[in-house]
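Q: Supplied structure: my_file.pdb, PDB, C-alpha atoms.
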```pdb
MODEL        1
ATOM      1  CA  MET H   1     159.646  47.133 204.712
ATOM      2  CA  GLN H   2     159.425  48.778 201.291
ATOM      3  CA  SER H   3     161.941  51.478 200.619
ATOM      4  CA  LYS H   4     160.835  55.022 200.337
ATOM      5  CA  ILE H   5     160.551  56.500 196.891
ATOM      6  CA  SER H   6     163.017  59.198 197.760
ATOM      7  CA  ALA H   7     165.699  56.556 197.793
ATOM      8  CA  PHE H   8     165.472  56.317 194.013
ATOM      9  CA  PHE H   9     166.075  60.012 193.500
ATOM     10  CA  ARG H  10     169.291  60.470 195.396
ATOM     11  CA  SER H  11     172.063  62.487 193.976
ATOM     12  CA  THR H  12     174.506  60.935 191.524
ATOM     13  CA  GLN H  13     177.216  61.045 194.069
ATOM     14  CA  ASP H  14     175.348  58.547 196.255
ATOM     15  CA  SER H  15     174.310  56.228 193.380
ATOM     16  CA  SER H  16     177.413  54.133 193.682
ATOM     17  CA  SER H  17     177.088  53.543 197.384
ATOM     18  CA  PRO H  18     176.563  49.955 198.582
ATOM     19  CA  ASN H  19     173.394  50.869 200.487
ATOM     20  CA  ASN H  20     171.764  52.077 197.298
ATOM     21  CA  ASP H  21     172.485  48.789 195.487
ATOM     22  CA  HIS H  22     171.149  46.865 198.459
ATOM     23  CA  ASP H  23     167.900  48.790 198.490
ATOM     24  CA  LEU H  24     167.345  48.252 194.766
ATOM     25  CA  SER H  25     167.882  44.525 194.939
ATOM     26  CA  THR H  26     165.609  44.291 197.958
ATOM     27  CA  TRP H  27     162.827  46.128 196.071
ATOM     28  CA  GLU H  28     163.126  43.867 193.047
ATOM     29  CA  ASN H  29     163.051  40.675 195.055
ATOM     30  CA  GLN H  30     160.123  41.621 197.252
ATOM     31  CA  GLN H  31     157.763  43.413 194.895
ATOM     32  CA  HIS H  32     158.538  42.829 191.192
ATOM     33  CA  HIS H  33     159.445  39.677 189.281
ATOM     34  CA  ILE H  34     160.471  39.652 185.618
ATOM     35  CA  ILE H  35     158.947  36.636 183.838
ATOM     36  CA  ASN H  36     160.419  35.527 180.499
ATOM     37  CA  THR H  37     157.676  34.083 178.232
ATOM     38  CA  TYR H  38     159.873  33.697 175.152
ATOM     39  CA  THR H  39     161.179  30.234 174.294
ATOM     40  CA  ARG H  40     163.983  29.897 171.839
ATOM     41  CA  ARG H  41     163.199  27.849 168.724
ATOM     42  CA  ARG H  42     165.019  24.601 168.484
ATOM     43  CA  VAL H  43     167.925  24.679 166.074
ATOM     44  CA  ASN H  44     167.242  22.725 162.915
ATOM     45  CA  PRO H  45     169.909  20.040 162.538
ATOM     46  CA  ASN H  46     169.453  19.900 158.773
ATOM     47  CA  PRO H  47     168.733  23.430 157.618
ATOM     48  CA  GLY H  48     169.240  22.760 153.926
ATOM     49  CA  THR H  49     166.158  20.530 153.480
ATOM     50  CA  SER H  50     163.439  21.163 156.023
ATOM     51  CA  ASP H  51     163.453  24.927 156.482
ATOM     52  CA  PRO H  52     160.291  26.452 155.066
ATOM     53  CA  LYS H  53     160.854  28.403 151.927
ATOM     54  CA  PRO H  54     160.153  32.100 152.085
ATOM     55  CA  VAL H  55     156.796  33.077 150.643
ATOM     56  CA  THR H  56     157.028  35.557 147.837
ATOM     57  CA  LEU H  57     153.977  37.674 147.209
ATOM     58  CA  ALA H  58     153.240  38.469 143.594
ATOM     59  CA  LYS H  59     152.599  42.130 143.079
ATOM     60  CA  ASN H  60     150.036  43.450 140.623
ATOM     61  CA  LYS H  61     148.701  39.955 139.912
ATOM     62  CA  LYS H  62     145.782  40.020 137.460
ATOM     63  CA  ARG H  63     142.595  38.303 138.584
ATOM     64  CA  SER H  64     140.190  36.616 136.202
ATOM     65  CA  TYR H  65     136.482  37.052 136.718
ATOM     66  CA  ALA H  66     133.670  35.099 135.051
ATOM     67  CA  GLN H  67     130.133  36.359 134.600
ATOM     68  CA  PHE H  68     127.639  33.491 134.767
ATOM     69  CA  HIS H  69     124.129  34.968 134.803
ATOM     70  CA  LEU H  70     122.399  38.320 134.700
ATOM     71  CA  ASP H  71     118.926  38.219 136.166
ATOM     72  CA  PHE H  72     116.789  40.768 134.332
ATOM     73  CA  GLY H  73     113.526  38.941 135.010
ATOM     74  CA  GLN H  74     113.692  36.843 131.846
ATOM     75  CA  SER H  75     111.393  33.806 131.763
ATOM     76  CA  ASP H  76     114.170  31.373 130.799
ATOM     77  CA  PHE H  77     116.710  32.548 133.365
ATOM     78  CA  LEU H  78     117.415  29.092 134.786
ATOM     79  CA  LEU H  79     116.114  26.617 132.203
ATOM     80  CA  ARG H  80     115.520  26.924 128.479
ATOM     81  CA  SER H  81     113.522  24.373 126.499
ATOM     82  CA  CYS H  82     114.760  23.545 122.993
ATOM     83  CA  SER H  83     111.943  23.957 120.481
ATOM     84  CA  THR H  84     113.312  21.132 118.301
ATOM     85  CA  CYS H  85     114.368  18.299 120.612
ATOM     86  CA  GLY H  86     112.376  19.373 123.673
ATOM     87  CA  ILE H  87     115.231  18.992 126.162
ATOM     88  CA  LYS H  88     115.666  21.596 128.916
ATOM     89  CA  PHE H  89     119.098  23.023 129.690
ATOM     90  CA  THR H  90     120.714  25.937 131.492
ATOM     91  CA  PRO H  91     122.181  28.560 129.144
ATOM     92  CA  GLY H  92     125.733  29.490 130.063
ATOM     93  CA  ASP H  93     126.471  26.200 131.824
ATOM     94  CA  PRO H  94     129.176  24.445 129.744
ATOM     95  CA  GLN H  95     128.207  20.953 130.893
ATOM     96  CA  ASP H  96     124.516  21.563 130.262
ATOM     97  CA  GLU H  97     125.114  23.051 126.827
ATOM     98  CA  LYS H  98     127.418  20.170 125.871
ATOM     99  CA  SER H  99     124.789  17.598 126.896
ATOM    100  CA  HIS H 100     122.121  19.475 124.957
ATOM    101  CA  ASN H 101     124.259  19.688 121.810
ATOM    102  CA  GLU H 102     124.954  15.947 121.878
ATOM    103  CA  PHE H 103     121.297  15.061 122.411
ATOM    104  CA  HIS H 104     120.130  17.602 119.818
ATOM    105  CA  LYS H 105     122.434  16.095 117.194
ATOM    106  CA  SER H 106     121.223  12.563 117.985
ATOM    107  CA  TYR H 107     117.603  13.671 117.712
ATOM    108  CA  THR H 108     117.867  15.672 114.489
ATOM    109  CA  GLN H 109     120.464  13.587 112.612
ATOM    110  CA  GLY H 110     120.056  10.166 114.203
ATOM    111  CA  ILE H 111     121.624   8.077 116.935
ATOM    112  CA  LEU H 112     125.210   7.046 116.336
ATOM    113  CA  PHE H 113     125.409   3.502 114.922
ATOM    114  CA  ARG H 114     128.787   1.863 114.278
ATOM    115  CA  GLY H 115     127.236  -1.358 112.984
ATOM    116  CA  TRP H 116     126.889  -4.906 114.279
ATOM    117  CA  THR H 117     129.091  -7.907 113.673
ATOM    118  CA  LYS H 118     126.166  -9.856 112.227
ATOM    119  CA  GLU H 119     123.621  -7.655 110.512
ATOM    120  CA  ASN H 120     120.475  -8.765 108.748
ATOM    121  CA  VAL H 121     120.603  -6.275 105.873
ATOM    122  CA  ILE H 122     117.607  -6.129 103.543
ATOM    123  CA  PRO H 123     118.803  -5.660  99.924
ATOM    124  CA  LEU H 124     117.030  -2.928  97.995
ATOM    125  CA  PRO H 125     117.971  -2.262  94.350
ATOM    126  CA  SER H 126     116.502   1.242  94.500
ATOM    127  CA  LEU H 127     118.608   2.228  97.499
ATOM    128  CA  ASP H 128     121.485   4.494  96.463
ATOM    129  CA  SER H 129     123.043   5.207  99.857
ATOM    130  CA  GLY H 130     122.593   3.718 103.307
ATOM    131  CA  ARG H 131     121.172   0.337 104.275
ATOM    132  CA  VAL H 132     118.138  -1.152 106.006
ATOM    133  CA  VAL H 133     118.903  -3.432 108.973
ATOM    134  CA  LEU H 134     116.292  -5.826 110.380
ATOM    135  CA  PHE H 135     116.066  -6.538 114.117
ATOM    136  CA  LEU H 136     114.217  -9.595 115.453
ATOM    137  CA  GLU H 137     113.246 -10.639 118.975
ATOM    138  CA  THR H 138     115.809 -13.455 118.900
ATOM    139  CA  ASP H 139     118.744 -11.091 118.248
ATOM    140  CA  ARG H 140     121.423 -10.285 120.800
ATOM    141  CA  SER H 141     120.754  -8.153 123.854
ATOM    142  CA  SER H 142     123.258  -5.561 122.628
ATOM    143  CA  HIS H 143     121.174  -5.181 119.455
ATOM    144  CA  ARG H 144     118.045  -4.752 121.547
ATOM    145  CA  LYS H 145     119.657  -1.974 123.611
ATOM    146  CA  LYS H 146     120.424  -0.027 120.454
ATOM    147  CA  VAL H 147     116.850  -0.483 119.188
ATOM    148  CA  GLU H 148     115.427   0.633 122.535
ATOM    149  CA  GLU H 149     117.604   3.736 122.365
ATOM    150  CA  VAL H 150     116.150   4.556 118.947
ATOM    151  CA  VAL H 151     112.611   3.922 120.187
ATOM    152  CA  ARG H 152     113.128   6.380 123.051
ATOM    153  CA  MET H 153     113.952   9.034 120.469
ATOM    154  CA  MET H 154     110.765   8.194 118.599
ATOM    155  CA  GLU H 155     108.704   8.465 121.772
ATOM    156  CA  ILE H 156     109.634  12.136 122.160
ATOM    157  CA  GLU H 157     107.480  12.990 119.156
ATOM    158  CA  ILE H 158     104.879  10.227 118.854
ATOM    159  CA  GLY H 159     104.295   9.159 122.459
ATOM    160  CA  SER H 160     105.759   6.581 124.798
ATOM    161  CA  GLY H 161     104.894   3.137 126.121
ATOM    162  CA  TRP H 162     103.239   1.610 123.051
ATOM    163  CA  ILE H 163     105.728   1.385 120.178
ATOM    164  CA  LEU H 164     107.839  -1.704 120.880
ATOM    165  CA  GLN H 165     105.829  -4.813 121.777
ATOM    166  CA  GLU H 166     106.153  -8.574 121.441
ATOM    167  CA  ARG H 167     106.263 -10.152 117.964
ATOM    168  CA  CYS H 168     107.405  -6.849 116.490
ATOM    169  CA  LYS H 169     110.031  -6.538 113.785
ATOM    170  CA  VAL H 170     112.118  -3.385 113.698
ATOM    171  CA  TYR H 171     113.682  -1.926 110.550
ATOM    172  CA  LEU H 172     116.493   0.615 110.928
ATOM    173  CA  PHE H 173     117.597   2.880 108.097
ATOM    174  CA  VAL H 174     121.320   3.522 108.626
ATOM    175  CA  SER H 175     123.114   6.311 106.781
ATOM    176  CA  LEU H 176     126.486   7.908 107.557
ATOM    177  CA  ASN H 177     126.842   5.818 110.729
ATOM    178  CA  ARG H 178     123.559   7.140 112.131
ATOM    179  CA  VAL H 179     120.040   5.730 112.419
ATOM    180  CA  ALA H 180     118.079   8.105 110.194
ATOM    181  CA  GLY H 181     114.742   6.249 110.332
ATOM    182  CA  CYS H 182     112.902   3.415 112.050
ATOM    183  CA  LEU H 183     109.847   1.288 111.273
ATOM    184  CA  VAL H 184     108.115  -1.045 113.738
ATOM    185  CA  ALA H 185     105.760  -3.659 112.255
ATOM    186  CA  GLU H 186     103.719  -6.540 113.690
ATOM    187  CA  PRO H 187     101.590  -9.351 112.226
ATOM    188  CA  ILE H 188      97.821  -8.775 112.210
ATOM    189  CA  GLU H 189      94.807 -10.496 110.656
ATOM    190  CA  LYS H 190      92.274  -7.737 110.111
ATOM    191  CA  ALA H 191      91.970  -3.981 109.865
ATOM    192  CA  PHE H 192      89.370  -1.355 108.978
ATOM    193  CA  ARG H 193      89.260   0.740 105.864
ATOM    194  CA  VAL H 194      89.383   4.508 106.235
ATOM    195  CA  VAL H 195      86.319   6.284 104.882
ATOM    196  CA  SER H 196      87.291   8.096 101.683
ATOM    197  CA  GLY H 197      87.567  11.853 102.089
ATOM    198  CA  SER H 198      88.221  11.886 105.845
ATOM    199  CA  VAL H 199      91.918  12.436 105.274
ATOM    200  CA  HIS H 200      91.460  15.671 103.363
ATOM    201  CA  SER H 201      88.179  16.749 104.950
ATOM    202  CA  ALA H 202      89.888  19.598 106.761
ATOM    203  CA  LYS H 203      91.143  21.020 103.468
ATOM    204  CA  LYS H 204      87.681  20.928 101.910
ATOM    205  CA  ARG H 205      86.012  22.950 104.643
ATOM    206  CA  GLY H 206      84.839  26.392 103.644
ATOM    207  CA  VAL H 207      86.949  29.301 104.824
ATOM    208  CA  THR H 208      85.210  32.537 105.684
ATOM    209  CA  THR H 209      86.917  35.660 104.411
ATOM    210  CA  ARG H 210      87.303  38.696 106.630
ATOM    211  CA  SER H 211      87.184  42.253 105.413
ATOM    212  CA  THR H 212      90.510  44.073 105.240
ATOM    213  CA  THR H 213      89.028  47.583 105.567
ATOM    214  CA  LEU H 214      87.903  49.523 108.618
ATOM    215  CA  GLN H 215      85.650  52.546 108.173
ATOM    216  CA  PHE H 216      84.938  55.262 110.728
ATOM    217  CA  GLY H 217      82.595  57.761 109.132
ATOM    218  CA  ASN H 218      84.328  59.143 106.070
ATOM    219  CA  VAL H 219      87.730  57.752 107.134
ATOM    220  CA  ILE H 220      88.677  54.332 105.709
ATOM    221  CA  PHE H 221      91.649  52.322 106.981
ATOM    222  CA  GLN H 222      93.167  49.515 104.956
ATOM    223  CA  ARG H 223      94.376  46.642 107.106
ATOM    224  CA  GLU H 224      97.531  44.817 106.082
ATOM    225  CA  VAL H 225      97.194  41.039 106.220
ATOM    226  CA  HIS H 226     100.126  38.740 106.901
ATOM    227  CA  ARG H 227      99.520  35.099 106.099
ATOM    228  CA  LYS H 228     101.362  32.625 108.301
ATOM    229  CA  VAL H 229     102.641  29.584 106.487
ATOM    230  CA  ALA H 230     102.991  26.499 108.672
ATOM    231  CA  ASN H 231     106.362  24.802 108.342
ATOM    232  CA  VAL H 232     106.926  21.086 107.968
ATOM    233  CA  SER H 233     107.551  20.407 111.631
ATOM    234  CA  ASP H 234     104.306  22.099 112.673
ATOM    235  CA  SER H 235     102.206  20.160 110.165
ATOM    236  CA  GLU H 236     103.786  16.877 111.136
ATOM    237  CA  LYS H 237     102.916  17.364 114.787
ATOM    238  CA  MET H 238      99.206  17.970 114.068
ATOM    239  CA  GLU H 239      96.951  15.050 114.740
ATOM    240  CA  GLY H 240      93.417  14.477 113.550
ATOM    241  CA  ALA H 241      90.721  11.859 113.806
ATOM    242  CA  ILE H 242      90.058   9.410 110.989
ATOM    243  CA  PHE H 243      86.788   7.613 110.270
ATOM    244  CA  CYS H 244      86.783   3.914 109.416
ATOM    245  CA  SER H 245      84.136   1.537 108.198
ATOM    246  CA  SER H 246      82.623  -0.923 110.641
ATOM    247  CA  GLU H 247      83.325  -3.938 108.429
ATOM    248  CA  PRO H 248      86.757  -5.549 109.010
ATOM    249  CA  THR H 249      89.066  -6.279 106.099
ATOM    250  CA  ALA H 250      91.794  -8.897 105.869
ATOM    251  CA  ALA H 251      95.319  -7.546 106.434
ATOM    252  CA  ALA H 252      98.762  -9.073 106.914
ATOM    253  CA  VAL H 253     100.994  -6.464 108.547
ATOM    254  CA  GLY H 254     100.331  -3.589 110.885
ATOM    255  CA  ILE H 255     102.663  -0.596 110.879
ATOM    256  CA  ARG H 256     102.814   0.343 114.550
ATOM    257  CA  ALA H 257     105.141   3.271 114.042
ATOM    258  CA  ILE H 258     107.339   4.810 111.391
ATOM    259  CA  TRP H 259     109.630   7.732 112.130
ATOM    260  CA  VAL H 260     112.403   9.648 110.369
ATOM    261  CA  THR H 261     114.784  12.126 111.991
ATOM    262  CA  PRO H 262     113.866  15.778 111.277
ATOM    263  CA  SER H 263     116.952  16.535 109.167
ATOM    264  CA  ASN H 264     116.371  13.473 106.931
ATOM    265  CA  ARG H 265     112.703  13.939 106.065
ATOM    266  CA  ARG H 266     111.444  14.447 102.519
ATOM    267  CA  LYS H 267     114.224  12.168 101.240
ATOM    268  CA  GLY H 268     112.217   8.988 100.613
ATOM    269  CA  ILE H 269     113.530   7.156 103.686
ATOM    270  CA  ALA H 270     110.054   6.183 104.903
ATOM    271  CA  THR H 271     109.258   4.709 101.465
ATOM    272  CA  GLN H 272     112.485   2.689 101.536
ATOM    273  CA  LEU H 273     111.589   1.320 104.960
ATOM    274  CA  LEU H 274     108.129   0.277 103.777
ATOM    275  CA  ASP H 275     109.582  -1.426 100.682
ATOM    276  CA  ALA H 276     112.101  -3.345 102.805
ATOM    277  CA  MET H 277     109.368  -4.436 105.192
ATOM    278  CA  ARG H 278     107.097  -5.728 102.402
ATOM    279  CA  LYS H 279     109.927  -7.813 100.917
ATOM    280  CA  SER H 280     111.171  -9.364 104.154
ATOM    281  CA  PHE H 281     108.328  -9.539 106.660
ATOM    282  CA  CYS H 282     107.053 -12.866 105.308
ATOM    283  CA  PRO H 283     110.064 -14.985 104.212
ATOM    284  CA  GLY H 284     109.852 -15.942 100.544
ATOM    285  CA  PHE H 285     106.800 -13.792  99.921
ATOM    286  CA  GLU H 286     106.454 -10.120  99.032
ATOM    287  CA  LEU H 287     103.401  -8.401 100.443
ATOM    288  CA  GLU H 288     101.142  -6.145  98.441
ATOM    289  CA  ARG H 289     100.737  -2.543  99.447
ATOM    290  CA  SER H 290      97.024  -3.105  99.950
ATOM    291  CA  GLN H 291      97.818  -5.661 102.685
ATOM    292  CA  LEU H 292      99.417  -3.050 104.915
ATOM    293  CA  ALA H 293      97.522  -1.371 107.742
ATOM    294  CA  PHE H 294      98.563   1.691 109.720
ATOM    295  CA  SER H 295      97.949   2.547 113.336
ATOM    296  CA  GLN H 296      96.332   5.859 114.287
ATOM    297  CA  PRO H 297      98.553   8.198 112.212
ATOM    298  CA  THR H 298      99.455  11.851 112.493
ATOM    299  CA  SER H 299      98.641  14.194 109.631
ATOM    300  CA  ALA H 300     102.058  13.410 108.104
ATOM    301  CA  GLY H 301     101.371   9.703 108.601
ATOM    302  CA  LYS H 302      98.048  10.006 106.795
ATOM    303  CA  ALA H 303      99.726  11.633 103.837
ATOM    304  CA  LEU H 304     102.389   8.902 103.762
ATOM    305  CA  ALA H 305      99.848   6.074 103.966
ATOM    306  CA  ALA H 306      97.654   7.571 101.252
ATOM    307  CA  SER H 307     100.637   8.214  98.991
ATOM    308  CA  TYR H 308     102.222   4.784  99.466
ATOM    309  CA  THR H 309      99.033   2.745  99.053
ATOM    310  CA  GLY H 310      97.724   4.957  96.259
ATOM    311  CA  THR H 311      94.346   5.586  97.907
ATOM    312  CA  ASP H 312      92.806   7.695 100.636
ATOM    313  CA  SER H 313      90.897   4.611 101.804
ATOM    314  CA  PHE H 314      93.900   2.784 103.266
ATOM    315  CA  LEU H 315      93.637   0.264 106.091
ATOM    316  CA  ALA H 316      93.909   1.279 109.739
ATOM    317  CA  TYR H 317      93.903  -0.735 112.956
TER     318      TYR H 317
ENDMDL
END
```
Is it possible to express this structure as structure tokens?
A:
Amino acid sequence: MQSKISAFFRSTQDSSSPNNDHDLSTWENQQHHIINTYTRRRVNPNPGTSDPKPVTLAKNKKRSYAQFHLDFGQSDFLLRSCSTCGIKFTPGDPQDEKSHNEFHKSYTQGILFRGWTKENVIPLPSLDSGRVVLFLETDRSSHRKKVEEVVRMMEIEIGSGWILQERCKVYLFVSLNRVAGCLVAEPIEKAFRVVSGSVHSAKKRGVTTRSTTLQFGNVIFQREVHRKVANVSDSEKMEGAIFCSSEPTAAAVGIRAIWVTPSNRRKGIATQLLDAMRKSFCPGFELERSQLAFSQPTSAGKALAASYTGTDSFLAY
């Protein structure tokens, strides 16, 4: 039977009696058990090597924060399109900006060209710097890969899928270890002469003048006019239709495409490419300028064809 609670509150003089000790041990054994849940950690036999090192917390450690984007509703928050090379990239992304800078430099200054072991260089006495390298269909596959890389750059501005075809000869203008210009030519038999005046017909159209004053009763306002001058890149991207005669004319070479990197234009590179093509397209025979025909040109291509052949009625095919 459980001991009465009064047994625990006896006077100090009875606390040392044997009955009191017996009652306490009986109560502990019958009602309460002390359970030890702590297990002693095993002693490490080699404390010098495997004991974990104490962790030291650094106080007042400075944290670095990086701000990537601020969204204020701007239209180019995620992607921005380069107005020169056309590639889209994410501003603020280091990898994206690095890729854009590399591509932009290749587009504006030319693709990197270290040279080939065996190059078919066309000698030009009038060429002061650089060289013109000829690529043929029978050349090595590594040469073809480089030419295809250049053609892909050309396609950004003048369209894709039609430049490089069979029987074509490719002329590369190399300067400062970069391909600054490219000409693609093919053999043809006939072409059609451009009707004289169609090249500059847009310039000869009448322009209506608008009044620069506004009058409301006795009050007259003078309007300020700002004339916008189109830059070279805008004029070169404009395309227009040309009119040709219905009678075919004999021709020897067709210029499928001719292109110069934006930073190297107005330096005579296109003229050098045309001269090299005339002297080497037919082995042992130099073609006349009148035997050249041009594919559907841009406005800049029209000006080049008219200037090089010396007539507005050049051949087209």
Q: Translate the PyMOL selection byres ((chain H and resi 261-263) around 8) into a concrete residue list for this structure, as a ChimeraX atom specification.
A: /H:107-110,180-181,233,259-260,264-265
Q: Once the PyMOL selection byres ((chain H and resi 149) around 12) has been evaluated on this model, what residues remain selected, and can you format them as a ChimeraX atom specification?
A: /H:103,106-107,110-113,142-148,150-156,164,172,179,182
Q: Once you have the residues from the selection above, write them out as a PDB file, in the coordinates of the input, restricted to C-alpha atoms.
A:
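Final output, saved to out_16.pdb:
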```
ATOM      1  CA  PHE H 103     121.297  15.061 122.411  1.00  0.00           C
ATOM      2  CA  SER H 106     121.223  12.563 117.985  1.00  0.00           C
ATOM      3  CA  TYR H 107     117.603  13.671 117.712  1.00  0.00           C
ATOM      4  CA  GLY H 110     120.056  10.166 114.203  1.00  0.00           C
ATOM      5  CA  ILE H 111     121.624   8.077 116.935  1.00  0.00           C
ATOM      6  CA  LEU H 112     125.210   7.046 116.336  1.00  0.00           C
ATOM      7  CA  PHE H 113     125.409   3.502 114.922  1.00  0.00           C
ATOM      8  CA  SER H 142     123.258  -5.561 122.628  1.00  0.00           C
ATOM      9  CA  HIS H 143     121.174  -5.181 119.455  1.00  0.00           C
ATOM     10  CA  ARG H 144     118.045  -4.752 121.547  1.00  0.00           C
ATOM     11  CA  LYS H 145     119.657  -1.974 123.611  1.00  0.00           C
ATOM     12  CA  LYS H 146     120.424  -0.027 120.454  1.00  0.00           C
ATOM     13  CA  VAL H 147     116.850  -0.483 119.188  1.00  0.00           C
ATOM     14  CA  GLU H 148     115.427   0.633 122.535  1.00  0.00           C
ATOM     15  CA  VAL H 150     116.150   4.556 118.947  1.00  0.00           C
ATOM     16  CA  VAL H 151     112.611   3.922 120.187  1.00  0.00           C
ATOM     17  CA  ARG H 152     113.128   6.380 123.051  1.00  0.00           C
ATOM     18  CA  MET H 153     113.952   9.034 120.469  1.00  0.00           C
ATOM     19  CA  MET H 154     110.765   8.194 118.599  1.00  0.00           C
ATOM     20  CA  GLU H 155     108.704   8.465 121.772  1.00  0.00           C
ATOM     21  CA  ILE H 156     109.634  12.136 122.160  1.00  0.00           C
ATOM     22  CA  LEU H 164     107.839  -1.704 120.880  1.00  0.00           C
ATOM     23  CA  LEU H 172     116.493   0.615 110.928  1.00  0.00           C
ATOM     24  CA  VAL H 179     120.040   5.730 112.419  1.00  0.00           C
ATOM     25  CA  CYS H 182     112.902   3.415 112.050  1.00  0.00           C
TER      26      CYS H 182
END
```
Q: Choose the residue, out of H:Leu292, H:Leu78, H:Ala276, H:Ala241, that has the smallest atom-to-atom separation from Ser126 (chain H); count all atoms listed in the file.
A: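 Between H:Leu292, H:Leu78, H:Ala276, H:Ala241, the residue approaching Ser126 (chain H) most closely is H:Ala276.
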Q: What does the distance between CA of Ala191 (chain H) and CA of Gly268 (chain H) come to in Å, to one decimal place?
A: 25.8 Å
Q: So what does the PyMOL selection byres ((chain H and resi 273) around 10) actually pick up in this one, as a list in words?
A: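 Going through the file, the PyMOL selection byres ((chain H and resi 273) around 10) ends up selecting Ile122, Leu124, Arg131, Val132, Val133, Val170, Tyr171, Leu172, Phe173, Gly181, Cys182, Leu183, Val184, Ile258, Trp259, Val260, Gly268, Ile269, Ala270, Thr271, Gln272, Leu274, Asp275, Ala276, Met277 and Arg278 of chain H.
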Q: So what do you get for CA of Leu134 (chain H) versus CA of Val121 (chain H), distance-wise?
A: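 Between CA of Leu134 (chain H) and CA of Val121 (chain H) the gap works out to 6.3 Å.
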Q: Counting only C-alpha atoms, figure out which residue out of H:Cys168, H:Cys82, H:Ala305, H:Ile220 gets nearest to Leu136 (chain H).
A: H:Cys168
Q: Which value, in Å to one decimal, gives the distance between CA of Glu119 (chain H) and CA of Ala185 (chain H)?
A: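 Rounded to one decimal, the two atoms are 18.4 Å apart.
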Q: Using all atoms listed in the file, can you tell me which of H:Val174, H:Ala257, H:Lys98, H:Pro123 comes closest to Thr298 (chain H)?
A: H:Ala257
Q: Given the choices H:Ser246, H:Ser99, H:Ser64, H:Ser129, which gets closest to Val194 (chain H) if the distance is worked out from only C-alpha atoms?
A: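 Looking only at the distances to Val194 (chain H), the closest residue turns out to be H:Ser246.
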Q: So that I can check the surroundings of Gln291 (chain H), please list as a PyMOL selection string every protein, DNA and RNA residue that reaches within 10 Å of it, counting only C-alpha atoms and ignoring chain neighbours fewer than 3 positions away.
A: chain H and resi 189-191+249-254+278+287-288+309+314-315
Q: May I ask which of the residues H:Ala306, H:Ile87, H:Ile242, H:Ile255 is the closest one to Ile188 (chain H), counting all atoms listed in the file?
A: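 Going through H:Ala306, H:Ile87, H:Ile242, H:Ile255 one by one, the smallest distance to Ile188 (chain H) is for H:Ile255.
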